[in-house]
file query.cif (mmCIF, C-alpha atoms)
data_protein
#
loop_
_atom_site.group_PDB
_atom_site.id
_atom_site.type_symbol
_atom_site.label_atom_id
_atom_site.label_comp_id
_atom_site.auth_asym_id
_atom_site.auth_seq_id
_atom_site.Cartn_x
_atom_site.Cartn_y
_atom_site.Cartn_z
ATOM 1 C CA MET A 1110 22.101 -14.296 15.151
ATOM 2 C CA ILE A 1111 22.795 -12.001 18.097
ATOM 3 C CA ARG A 1112 23.929 -8.413 17.575
ATOM 4 C CA ILE A 1113 25.049 -6.362 20.555
ATOM 5 C CA PHE A 1114 25.511 -2.621 21.007
ATOM 6 C CA ASN A 1115 26.959 -0.624 23.873
ATOM 7 C CA THR A 1116 26.615 3.094 24.541
ATOM 8 C CA VAL A 1117 29.974 4.843 24.593
ATOM 9 C CA GLN A 1118 29.987 8.639 24.915
ATOM 10 C CA ASN A 1119 26.316 8.803 23.937
ATOM 11 C CA ARG A 1120 26.958 6.768 20.793
ATOM 12 C CA LEU A 1121 26.187 3.186 19.878
ATOM 13 C CA GLN A 1122 29.187 0.956 19.419
ATOM 14 C CA PRO A 1123 28.519 -2.470 17.884
ATOM 15 C CA GLY A 1124 30.157 -5.527 19.371
ATOM 16 C CA ASP A 1125 32.054 -8.154 17.424
ATOM 17 C CA ILE A 1126 29.599 -10.845 16.305
ATOM 18 C CA ASP A 1127 32.415 -13.390 16.111
ATOM 19 C CA GLU A 1128 33.098 -13.125 19.818
ATOM 20 C CA THR A 1129 31.013 -14.440 22.704
ATOM 21 C CA PRO A 1130 27.995 -12.120 23.034
ATOM 22 C CA ASP A 1131 28.127 -9.654 25.894
ATOM 23 C CA PHE A 1132 24.779 -10.215 27.578
ATOM 24 C CA ASP A 1133 25.349 -7.066 29.654
ATOM 25 C CA ALA A 1134 25.262 -4.835 26.549
ATOM 26 C CA THR A 1135 22.852 -1.900 26.341
ATOM 27 C CA TRP A 1136 21.054 -3.245 23.279
ATOM 28 C CA ILE A 1137 20.825 -6.908 22.323
ATOM 29 C CA ASP A 1138 19.286 -7.487 18.896
ATOM 30 C CA LEU A 1139 18.099 -11.046 18.208
ATOM 31 C CA VAL A 1140 17.796 -11.642 14.469
ATOM 32 C CA SER A 1141 16.018 -14.918 13.619
ATOM 33 C CA PRO A 1142 17.422 -16.426 16.839
ATOM 34 C CA SER A 1143 17.731 -20.134 17.370
ATOM 35 C CA PRO A 1144 15.884 -21.756 20.305
ATOM 36 C CA GLU A 1145 19.234 -22.193 22.052
ATOM 37 C CA GLU A 1146 20.051 -18.481 21.780
ATOM 38 C CA VAL A 1147 16.608 -17.534 23.084
ATOM 39 C CA ALA A 1148 16.882 -19.958 26.005
ATOM 40 C CA THR A 1149 20.410 -18.816 26.919
ATOM 41 C CA LEU A 1150 19.507 -15.127 26.918
ATOM 42 C CA GLY A 1151 16.231 -15.766 28.757
ATOM 43 C CA ASP A 1152 18.003 -17.680 31.508
ATOM 44 C CA ARG A 1153 20.660 -14.993 31.802
ATOM 45 C CA LEU A 1154 18.119 -12.176 32.145
ATOM 46 C CA GLY A 1155 15.524 -14.161 34.069
ATOM 47 C CA ILE A 1156 12.733 -13.497 31.562
ATOM 48 C CA THR A 1157 10.752 -15.507 29.037
ATOM 49 C CA ILE A 1158 11.591 -14.204 25.578
ATOM 50 C CA PRO A 1159 8.591 -14.610 23.257
ATOM 51 C CA ASP A 1160 8.985 -16.915 20.293
ATOM 52 C CA ARG A 1161 7.597 -16.225 16.852
ATOM 53 C CA ALA A 1162 4.213 -17.775 17.586
ATOM 54 C CA ASP A 1163 3.820 -15.611 20.692
ATOM 55 C CA MET A 1164 4.801 -12.496 18.746
ATOM 56 C CA GLU A 1165 2.164 -13.173 16.093
ATOM 57 C CA GLU A 1166 -0.704 -13.203 18.603
ATOM 58 C CA ILE A 1167 -3.195 -10.484 17.729
ATOM 59 C CA GLU A 1168 -4.503 -9.815 21.236
ATOM 60 C CA VAL A 1169 -3.261 -6.541 22.716
ATOM 61 C CA SER A 1170 -2.616 -8.310 26.024
ATOM 62 C CA SER A 1171 -0.241 -10.667 24.219
ATOM 63 C CA ARG A 1172 1.693 -7.813 22.631
ATOM 64 C CA LEU A 1173 1.901 -5.325 25.507
ATOM 65 C CA TYR A 1174 2.535 -6.677 28.994
ATOM 66 C CA ARG A 1175 4.925 -6.688 31.958
ATOM 67 C CA GLU A 1176 6.678 -9.659 33.494
ATOM 68 C CA ASN A 1177 9.194 -9.637 36.364
ATOM 69 C CA GLU A 1178 9.764 -5.878 36.146
ATOM 70 C CA SER A 1179 10.385 -6.243 32.405
ATOM 71 C CA SER A 1180 8.208 -4.596 29.758
ATOM 72 C CA PHE A 1181 7.315 -6.485 26.566
ATOM 73 C CA MET A 1182 6.087 -4.562 23.523
ATOM 74 C CA THR A 1183 5.399 -5.988 20.073
ATOM 75 C CA ALA A 1184 4.589 -4.096 16.870
ATOM 76 C CA ILE A 1185 4.087 -5.114 13.249
ATOM 77 C CA LEU A 1186 6.812 -3.570 11.095
ATOM 78 C CA PRO A 1187 7.390 -3.678 7.332
ATOM 79 C CA ALA A 1188 10.589 -4.680 5.585
ATOM 80 C CA GLN A 1189 11.556 -4.361 1.915
ATOM 81 C CA THR A 1190 9.438 -1.233 1.566
ATOM 82 C CA ASP A 1191 11.058 -0.084 -1.690
ATOM 83 C CA ASP A 1192 8.326 -1.900 -3.617
ATOM 84 C CA ASP A 1193 4.588 -2.302 -3.086
ATOM 85 C CA ASP A 1194 4.792 -5.741 -1.491
ATOM 86 C CA PRO A 1195 6.545 -5.286 1.869
ATOM 87 C CA GLU A 1196 7.263 -8.150 4.221
ATOM 88 C CA MET A 1197 5.145 -7.646 7.344
ATOM 89 C CA ALA A 1198 6.222 -9.367 10.561
ATOM 90 C CA PRO A 1199 6.169 -8.660 14.308
ATOM 91 C CA VAL A 1200 9.109 -7.195 16.208
ATOM 92 C CA SER A 1201 9.305 -7.404 20.007
ATOM 93 C CA PHE A 1202 10.941 -4.710 22.144
ATOM 94 C CA ILE A 1203 11.841 -5.724 25.689
ATOM 95 C CA LEU A 1204 13.012 -3.310 28.381
ATOM 96 C CA SER A 1205 14.607 -5.385 31.104
ATOM 97 C CA GLY A 1206 16.485 -3.430 33.741
ATOM 98 C CA LYS A 1207 19.099 -1.347 31.962
ATOM 99 C CA GLN A 1208 18.946 -3.331 28.755
ATOM 100 C CA LEU A 1209 16.933 -3.266 25.549
ATOM 101 C CA ILE A 1210 16.302 -6.572 23.782
ATOM 102 C CA THR A 1211 14.711 -6.722 20.332
ATOM 103 C CA VAL A 1212 13.490 -9.932 18.735
ATOM 104 C CA ARG A 1213 12.749 -10.080 15.029
ATOM 105 C CA TYR A 1214 12.592 -12.516 12.145
ATOM 106 C CA HIS A 1215 12.953 -10.089 9.258
ATOM 107 C CA ASP A 1216 15.025 -6.995 8.508
ATOM 108 C CA PRO A 1217 13.238 -3.618 8.695
ATOM 109 C CA ARG A 1218 15.465 -0.872 7.352
ATOM 110 C CA ALA A 1219 15.432 1.086 10.621
ATOM 111 C CA PHE A 1220 17.487 -1.665 12.281
ATOM 112 C CA THR A 1221 20.219 -0.976 9.742
ATOM 113 C CA THR A 1222 20.080 2.811 9.480
ATOM 114 C CA PHE A 1223 19.628 3.587 13.176
ATOM 115 C CA PRO A 1224 22.809 1.829 14.471
ATOM 116 C CA THR A 1225 24.831 3.423 11.667
ATOM 117 C CA GLN A 1226 23.469 6.878 12.418
ATOM 118 C CA ALA A 1227 23.847 6.423 16.173
ATOM 119 C CA ARG A 1228 27.474 5.367 15.726
ATOM 120 C CA LYS A 1229 28.472 8.311 13.520
ATOM 121 C CA THR A 1230 26.598 11.109 15.293
ATOM 122 C CA ALA A 1231 26.110 11.979 18.930
ATOM 123 C CA MET A 1232 22.391 11.252 19.368
ATOM 124 C CA LYS A 1233 22.547 11.405 23.177
ATOM 125 C CA LEU A 1234 21.945 7.723 23.847
ATOM 126 C CA PRO A 1235 23.128 7.181 27.419
ATOM 127 C CA ASP A 1236 20.923 4.178 28.208
ATOM 128 C CA ALA A 1237 18.520 1.560 26.864
ATOM 129 C CA ASP A 1238 15.461 3.793 27.253
ATOM 130 C CA THR A 1239 16.823 6.487 24.945
ATOM 131 C CA VAL A 1240 18.012 3.821 22.501
ATOM 132 C CA LEU A 1241 14.476 2.428 22.310
ATOM 133 C CA VAL A 1242 12.907 5.850 21.804
ATOM 134 C CA GLY A 1243 15.492 6.753 19.153
ATOM 135 C CA LEU A 1244 14.881 3.475 17.346
ATOM 136 C CA LEU A 1245 11.104 4.023 17.387
ATOM 137 C CA GLU A 1246 11.578 7.554 16.024
ATOM 138 C CA VAL A 1247 13.553 6.190 13.092
ATOM 139 C CA ILE A 1248 10.857 3.571 12.484
ATOM 140 C CA ILE A 1249 8.142 6.242 12.450
ATOM 141 C CA ASP A 1250 10.221 8.382 10.070
ATOM 142 C CA ARG A 1251 10.628 5.408 7.734
ATOM 143 C CA LEU A 1252 6.889 4.730 7.702
ATOM 144 C CA ALA A 1253 6.284 8.415 6.965
ATOM 145 C CA ASP A 1254 8.648 8.171 3.984
ATOM 146 C CA VAL A 1255 6.796 5.098 2.692
ATOM 147 C CA LEU A 1256 3.435 6.851 3.015
ATOM 148 C CA GLU A 1257 4.821 9.949 1.299
ATOM 149 C CA ARG A 1258 6.058 7.856 -1.629
ATOM 150 C CA ALA A 1259 2.735 6.026 -1.805
ATOM 151 C CA GLY A 1260 0.914 9.371 -1.831
ATOM 152 C CA ARG A 1261 3.008 10.605 -4.773
ATOM 153 C CA ASP A 1262 2.359 7.387 -6.676
ATOM 154 C CA ILE A 1263 -1.381 7.641 -5.975
ATOM 155 C CA ASP A 1264 -1.402 11.241 -7.250
ATOM 156 C CA ALA A 1265 0.364 10.087 -10.432
ATOM 157 C CA ILE A 1266 -2.202 7.326 -10.979
ATOM 158 C CA SER A 1267 -5.041 9.782 -10.374
ATOM 159 C CA ALA A 1268 -3.566 12.222 -12.892
ATOM 160 C CA SER A 1269 -3.200 9.480 -15.506
ATOM 161 C CA ILE A 1270 -6.872 8.562 -15.099
ATOM 162 C CA PHE A 1271 -8.397 12.038 -15.303
ATOM 163 C CA ARG A 1272 -5.907 14.010 -17.397
ATOM 164 C CA LYS A 1273 -7.227 14.495 -20.956
ATOM 165 C CA SER A 1274 -3.843 14.172 -22.623
ATOM 166 C CA ASP A 1275 -3.414 10.688 -21.239
ATOM 167 C CA THR A 1276 -6.953 9.464 -21.953
ATOM 168 C CA THR A 1277 -5.998 7.320 -24.933
ATOM 169 C CA SER A 1278 -3.181 5.486 -23.152
ATOM 170 C CA VAL A 1279 -5.331 4.894 -20.070
ATOM 171 C CA ARG A 1280 -8.126 3.453 -22.176
ATOM 172 C CA ARG A 1281 -5.748 0.902 -23.602
ATOM 173 C CA ASN A 1282 -4.487 -0.295 -20.227
ATOM 174 C CA PHE A 1283 -7.251 -0.088 -17.660
ATOM 175 C CA GLN A 1284 -6.169 -3.473 -16.314
ATOM 176 C CA GLY A 1285 -2.744 -2.065 -15.504
ATOM 177 C CA VAL A 1286 -4.323 0.924 -13.743
ATOM 178 C CA LEU A 1287 -6.494 -1.345 -11.607
ATOM 179 C CA GLU A 1288 -3.457 -3.466 -10.720
ATOM 180 C CA LYS A 1289 -1.533 -0.356 -9.615
ATOM 181 C CA ILE A 1290 -4.462 0.827 -7.517
ATOM 182 C CA GLY A 1291 -4.732 -2.605 -5.907
ATOM 183 C CA ARG A 1292 -1.026 -2.679 -5.033
ATOM 184 C CA LYS A 1293 -1.175 0.798 -3.503
ATOM 185 C CA GLY A 1294 -4.231 -0.236 -1.524
ATOM 186 C CA ASP A 1295 -2.432 -3.275 -0.112
ATOM 187 C CA LEU A 1296 0.651 -1.204 0.747
ATOM 188 C CA ASN A 1297 -1.421 1.455 2.485
ATOM 189 C CA SER A 1298 -3.319 -1.201 4.432
ATOM 190 C CA HIS A 1299 -0.079 -2.793 5.649
ATOM 191 C CA ILE A 1300 1.374 0.551 6.746
ATOM 192 C CA ARG A 1301 -1.863 1.448 8.530
ATOM 193 C CA ASP A 1302 -1.784 -1.830 10.471
ATOM 194 C CA SER A 1303 1.822 -1.131 11.465
ATOM 195 C CA LEU A 1304 1.005 2.410 12.601
ATOM 196 C CA ILE A 1305 -1.885 1.220 14.755
ATOM 197 C CA THR A 1306 0.373 -1.227 16.604
ATOM 198 C CA LEU A 1307 3.024 1.481 17.031
ATOM 199 C CA GLU A 1308 0.453 3.916 18.410
ATOM 200 C CA ARG A 1309 -0.609 1.345 21.003
ATOM 201 C CA LEU A 1310 3.030 0.611 21.775
ATOM 202 C CA ALA A 1311 3.776 4.315 22.331
ATOM 203 C CA GLY A 1312 0.837 4.608 24.717
ATOM 204 C CA PHE A 1313 2.031 1.597 26.692
ATOM 205 C CA LEU A 1314 5.592 2.919 26.662
ATOM 206 C CA GLY A 1315 4.353 6.161 28.192
ATOM 207 C CA HIS A 1316 3.092 4.244 31.253
ATOM 208 C CA VAL A 1317 6.350 2.295 31.389
ATOM 209 C CA ALA A 1318 8.308 5.571 31.310
ATOM 210 C CA SER A 1319 6.380 6.853 34.314
ATOM 211 C CA GLU A 1320 7.007 3.644 36.234
ATOM 212 C CA ARG A 1321 10.714 3.682 35.382
ATOM 213 C CA GLY A 1322 10.992 7.328 36.441
ATOM 214 C CA LEU A 1323 12.297 8.598 33.115
ATOM 215 C CA GLY A 1324 12.987 12.289 32.635
ATOM 216 C CA PRO A 1325 10.424 14.749 31.270
ATOM 217 C CA ASP A 1326 12.300 15.172 27.979
ATOM 218 C CA LEU A 1327 12.127 11.457 27.207
ATOM 219 C CA ARG A 1328 8.478 11.250 28.227
ATOM 220 C CA GLU A 1329 7.706 14.166 25.918
ATOM 221 C CA ARG A 1330 9.466 12.379 23.043
ATOM 222 C CA ILE A 1331 7.294 9.331 23.718
ATOM 223 C CA LYS A 1332 4.165 11.509 23.572
ATOM 224 C CA THR A 1333 5.421 12.955 20.295
ATOM 225 C CA LEU A 1334 5.846 9.415 18.981
ATOM 226 C CA SER A 1335 2.229 8.674 19.816
ATOM 227 C CA ARG A 1336 1.015 11.877 18.157
ATOM 228 C CA ASP A 1337 3.129 11.197 15.040
ATOM 229 C CA ALA A 1338 1.772 7.667 14.755
ATOM 230 C CA ARG A 1339 -1.789 8.963 15.141
ATOM 231 C CA SER A 1340 -1.312 11.674 12.504
ATOM 232 C CA LEU A 1341 0.221 9.183 10.074
ATOM 233 C CA THR A 1342 -2.707 6.852 10.706
ATOM 234 C CA ASP A 1343 -5.083 9.674 9.802
ATOM 235 C CA HIS A 1344 -3.072 10.369 6.652
ATOM 236 C CA SER A 1345 -3.211 6.687 5.781
ATOM 237 C CA GLY A 1346 -6.989 6.836 6.167
ATOM 238 C CA PHE A 1347 -7.084 9.778 3.742
ATOM 239 C CA LEU A 1348 -5.020 7.804 1.218
ATOM 240 C CA SER A 1349 -7.365 4.855 1.671
ATOM 241 C CA GLN A 1350 -10.348 7.036 0.801
ATOM 242 C CA LYS A 1351 -8.518 8.384 -2.241
ATOM 243 C CA ILE A 1352 -7.673 4.864 -3.390
ATOM 244 C CA THR A 1353 -11.323 3.853 -3.039
ATOM 245 C CA PHE A 1354 -12.368 6.903 -5.069
ATOM 246 C CA MET A 1355 -9.844 6.084 -7.809
ATOM 247 C CA LEU A 1356 -11.042 2.488 -7.915
ATOM 248 C CA ASP A 1357 -14.659 3.597 -8.308
ATOM 249 C CA ALA A 1358 -13.633 6.173 -10.929
ATOM 250 C CA SER A 1359 -11.641 3.587 -12.895
ATOM 251 C CA LEU A 1360 -14.566 1.179 -12.899
ATOM 252 C CA GLY A 1361 -16.792 4.046 -14.035
ATOM 253 C CA MET A 1362 -14.383 4.866 -16.864
ATOM 254 C CA ILE A 1363 -14.378 1.221 -17.908
ATOM 255 C CA ASN A 1364 -18.192 1.256 -18.002
ATOM 256 C CA ILE A 1365 -18.112 4.429 -20.106
ATOM 257 C CA GLU A 1366 -15.695 2.808 -22.555
ATOM 258 C CA GLN A 1367 -17.821 -0.305 -22.760
ATOM 259 C CA ASN A 1368 -20.963 1.764 -23.306
ATOM 260 C CA ALA A 1369 -19.212 3.750 -26.048
ATOM 261 C CA THR A 1370 -18.245 0.513 -27.790
ATOM 262 C CA ILE A 1371 -21.768 -0.867 -27.552
ATOM 263 C CA LYS A 1372 -23.073 2.485 -28.801
ATOM 264 C CA ILE A 1373 -20.930 2.254 -31.937
ATOM 265 C CA PHE A 1374 -22.189 -1.226 -32.712
ATOM 266 C CA SER A 1375 -25.775 -0.103 -32.116
ATOM 267 C CA VAL A 1376 -25.408 2.884 -34.465
ATOM 268 C CA VAL A 1377 -23.817 0.744 -37.160
ATOM 269 C CA ALA A 1378 -26.628 -1.782 -36.846
ATOM 270 C CA VAL A 1379 -29.288 0.939 -37.149
ATOM 271 C CA ILE A 1380 -27.537 2.538 -40.157
ATOM 272 C CA PHE A 1381 -27.370 -0.736 -42.084
ATOM 273 C CA LEU A 1382 -30.832 -1.926 -41.093
ATOM 274 C CA PRO A 1383 -32.786 0.031 -43.793
ATOM 275 C CA PRO A 1384 -30.420 -1.026 -46.639
ATOM 276 C CA THR A 1385 -30.706 -4.585 -45.415
ATOM 277 C CA LEU A 1386 -34.482 -4.311 -45.471
ATOM 278 C CA ILE A 1387 -34.459 -2.974 -49.046
ATOM 279 C CA ALA A 1388 -32.046 -5.681 -50.167
ATOM 280 C CA SER A 1389 -34.247 -8.291 -48.523
ATOM 281 C CA ILE A 1390 -37.337 -7.010 -50.326
ATOM 282 C CA TYR A 1391 -35.698 -7.118 -53.726
ATOM 283 C CA GLY A 1392 -34.141 -10.441 -52.930
ATOM 284 C CA MET A 1393 -37.534 -12.166 -52.646
ATOM 285 C CA ASN A 1394 -38.274 -14.714 -55.361
ATOM 286 C CA PHE A 1395 -41.607 -13.450 -56.604
ATOM 287 C CA GLU A 1396 -42.372 -13.725 -60.305
ATOM 288 C CA TYR A 1397 -44.059 -10.328 -60.607
ATOM 289 C CA MET A 1398 -42.020 -7.461 -59.193
ATOM 290 C CA PRO A 1399 -42.293 -4.143 -61.089
ATOM 291 C CA GLU A 1400 -38.626 -3.213 -60.811
ATOM 292 C CA LEU A 1401 -37.306 -6.556 -62.101
ATOM 293 C CA SER A 1402 -38.008 -5.663 -65.712
ATOM 294 C CA TRP A 1403 -37.153 -1.964 -65.304
ATOM 295 C CA LEU A 1404 -33.964 -0.777 -66.989
ATOM 296 C CA PHE A 1405 -32.980 1.418 -64.032
ATOM 297 C CA GLY A 1406 -34.197 -1.017 -61.374
ATOM 298 C CA TYR A 1407 -30.723 -2.069 -60.210
ATOM 299 C CA PRO A 1408 -29.269 1.479 -59.924
ATOM 300 C CA PHE A 1409 -32.500 2.571 -58.240
ATOM 301 C CA ALA A 1410 -32.195 -0.170 -55.606
ATOM 302 C CA ILE A 1411 -28.506 0.633 -54.969
ATOM 303 C CA GLY A 1412 -29.234 4.347 -54.635
ATOM 304 C CA LEU A 1413 -32.144 3.663 -52.344
ATOM 305 C CA MET A 1414 -29.945 1.549 -50.068
ATOM 306 C CA ILE A 1415 -27.230 4.225 -49.987
ATOM 307 C CA ALA A 1416 -29.770 6.892 -49.145
ATOM 308 C CA ALA A 1417 -31.299 4.687 -46.471
ATOM 309 C CA ALA A 1418 -27.852 4.381 -44.871
ATOM 310 C CA ILE A 1419 -26.850 8.053 -45.171
ATOM 311 C CA LEU A 1420 -30.057 9.575 -43.837
ATOM 312 C CA PRO A 1421 -29.911 7.835 -40.389
ATOM 313 C CA TYR A 1422 -26.218 8.746 -40.123
ATOM 314 C CA LEU A 1423 -26.942 12.422 -40.809
ATOM 315 C CA TYR A 1424 -29.823 12.365 -38.346
ATOM 316 C CA PHE A 1425 -27.577 10.875 -35.598
ATOM 317 C CA LYS A 1426 -24.942 13.539 -36.297
ATOM 318 C CA TYR A 1427 -27.575 16.276 -36.122
ATOM 319 C CA ARG A 1428 -28.820 15.021 -32.750
ATOM 320 C CA GLY A 1429 -25.245 14.759 -31.409
ATOM 321 C CA TRP A 1430 -25.412 11.017 -30.853
ATOM 322 C CA LEU A 1431 -22.158 10.436 -32.725
#

call {"tool": "encode", "arguments": {"input": "query.cif", "output": "structure tokens"}}
result
Amino acid sequence: MIRIFNTVQNRLQPGDIDETPDFDATWIDLVSPSPEEVATLGDRLGITIPDRADMEEIEVSSRLYRENESSFMTAILPAQTDDDDPEMAPVSFILSGKQLITVRYHDPRAFTTFPTQARKTAMKLPDADTVLVGLLEVIIDRLADVLERAGRDIDAISASIFRKSDTTSVRRNFQGVLEKIGRKGDLNSHIRDSLITLERLAGFLGHVASERGLGPDLRERIKTLSRDARSLTDHSGFLSQKITFMLDASLGMINIEQNATIKIFSVVAVIFLPPTLIASIYGMNFEYMPELSWLFGYPFAIGLMIAAAILPYLYFKYRGWL
């Protein structure tokens, strides 16, 4: 599918998707394009539009390069970020002359919110360069929101682990806690990967801005993008360290619970060991045992076993082992 947008009075105006695409539009958004659409647009603009395999290359030189006075920039962006399992896929941004071309095979939220916002409010979008910078700013803001939500969720998990009032419930569901920590770790890792690619993209875009002779205000916004991406990357690193700490703490709590359980069984075994020994002695089949013919032999043996069980218990309580 091809979506087109033109700048009219500093606002984005979407074109009719049912009509023949206007390949002279300010912004051309290719959404899961067919090979025919890619070939047609490439021939019209005189560039080679990267396909999905090219976009998924991990080399920096394959993601950031220039060709025929056109700049190609690819970043990994998340979609469906409302849960902890976002869809990660590359998105290519191409500045060719006075046009911006984006190529994507999934639907990051910024590509929905930015055109709507740019249509309703005057965001000062006179050309493709400002459209690209505005779109990247919305993407960075969205990633910041995702990290902020992840940070709140991580704080809630941390509180549930260490807060005394919730100790009982946590003990019963340590598996659920570990699963939550794992999901937050995966989400944070995905967002960190995306931020690293955006930071590299912003650095490359700064050189492109100088070559294209963009104004100082736009170049400063690009520098701000780079600084924002770097600061969010640092924050993601902090969350990663906190997740690692919570994982270690959870495993430690599990070991404590297991040790407490083994401790109970050990104490019970020690308490019942003396009565078992007494019962074993009087259970031997010897013909001559003094207590066998004694009138109070049975009550004596029962009392001795009870005392042998109570005395170790009282000793453990006195030493604080229970």

call {"tool": "residues_around", "arguments": {"input": "query.cif", "residues": "stretch 1242-1249 of chain A", "least_positions_apart": "2", "cutoff": "9 Å", "atoms": "all atoms listed in the file", "output": "list in words"}}
result
Leu1186, Pro1217, Arg1218, Ala1219, Phe1220, Thr1222, Phe1223, Pro1224, Ala1227, Met1232, Leu1234, Ala1237, Asp1238, Thr1239, Val1240, Arg1251, Leu1252, Ala1253, Asp1254, Leu1304, Leu1307, Ala1311, Leu1327, Arg1330, Ile1331, Leu1334, Asp1337, Ala1338 and Leu1341 of chain A

call {"tool": "residues_around", "arguments": {"input": "query.cif", "residues": "A:Met1197", "least_positions_apart": "4", "cutoff": "10 Å", "atoms": "all atoms listed in the file", "output": "PyMOL selection string"}}
result
chain A and resi 1185-1190+1215-1217+1299-1300+1302-1303

call {"tool": "atom_distance", "arguments": {"input": "query.cif", "atom1": "atom CA of A:Arg1213", "atom2": "atom CA of A:Tyr1174"}}
result
17.6 Å

call {"tool": "resolve_selection", "arguments": {"input": "query.cif", "expression": "the PyMOL selection byres ((chain A and resi 1150) around 12)", "output": "PyMOL selection string"}}
result
chain A and resi 1111+1130-1134+1137-1139+1142-1149+1151-1159+1205+1208+1210-1212

call {"tool": "resolve_selection", "arguments": {"input": "query.cif", "expression": "the PyMOL selection byres ((chain A and resi 1267) around 12)", "output": "short mmCIF file (atom, residue, chain, number, x, y, z; two decimals) with C-alpha atoms, keeping the file's coordinate frame"}}
result
data_model
loop_
_atom_site.label_atom_id
_atom_site.label_comp_id
_atom_site.auth_asym_id
_atom_site.auth_seq_id
_atom_site.Cartn_x
_atom_site.Cartn_y
_atom_site.Cartn_z
CA GLY A 1260 0.91 9.37 -1.83
CA ARG A 1261 3.01 10.60 -4.77
CA ASP A 1262 2.36 7.39 -6.68
CA ILE A 1263 -1.38 7.64 -5.98
CA ASP A 1264 -1.40 11.24 -7.25
CA ALA A 1265 0.36 10.09 -10.43
CA ILE A 1266 -2.20 7.33 -10.98
CA ALA A 1268 -3.57 12.22 -12.89
CA SER A 1269 -3.20 9.48 -15.51
CA ILE A 1270 -6.87 8.56 -15.10
CA PHE A 1271 -8.40 12.04 -15.30
CA ARG A 1272 -5.91 14.01 -17.40
CA LYS A 1273 -7.23 14.50 -20.96
CA ASP A 1275 -3.41 10.69 -21.24
CA THR A 1276 -6.95 9.46 -21.95
CA VAL A 1279 -5.33 4.89 -20.07
CA VAL A 1286 -4.32 0.92 -13.74
CA LEU A 1287 -6.49 -1.34 -11.61
CA LYS A 1289 -1.53 -0.36 -9.62
CA ILE A 1290 -4.46 0.83 -7.52
CA LYS A 1293 -1.18 0.80 -3.50
CA LEU A 1348 -5.02 7.80 1.22
CA LYS A 1351 -8.52 8.38 -2.24
CA ILE A 1352 -7.67 4.86 -3.39
CA THR A 1353 -11.32 3.85 -3.04
CA PHE A 1354 -12.37 6.90 -5.07
CA MET A 1355 -9.84 6.08 -7.81
CA LEU A 1356 -11.04 2.49 -7.92
CA ASP A 1357 -14.66 3.60 -8.31
CA ALA A 1358 -13.63 6.17 -10.93
CA SER A 1359 -11.64 3.59 -12.90
#
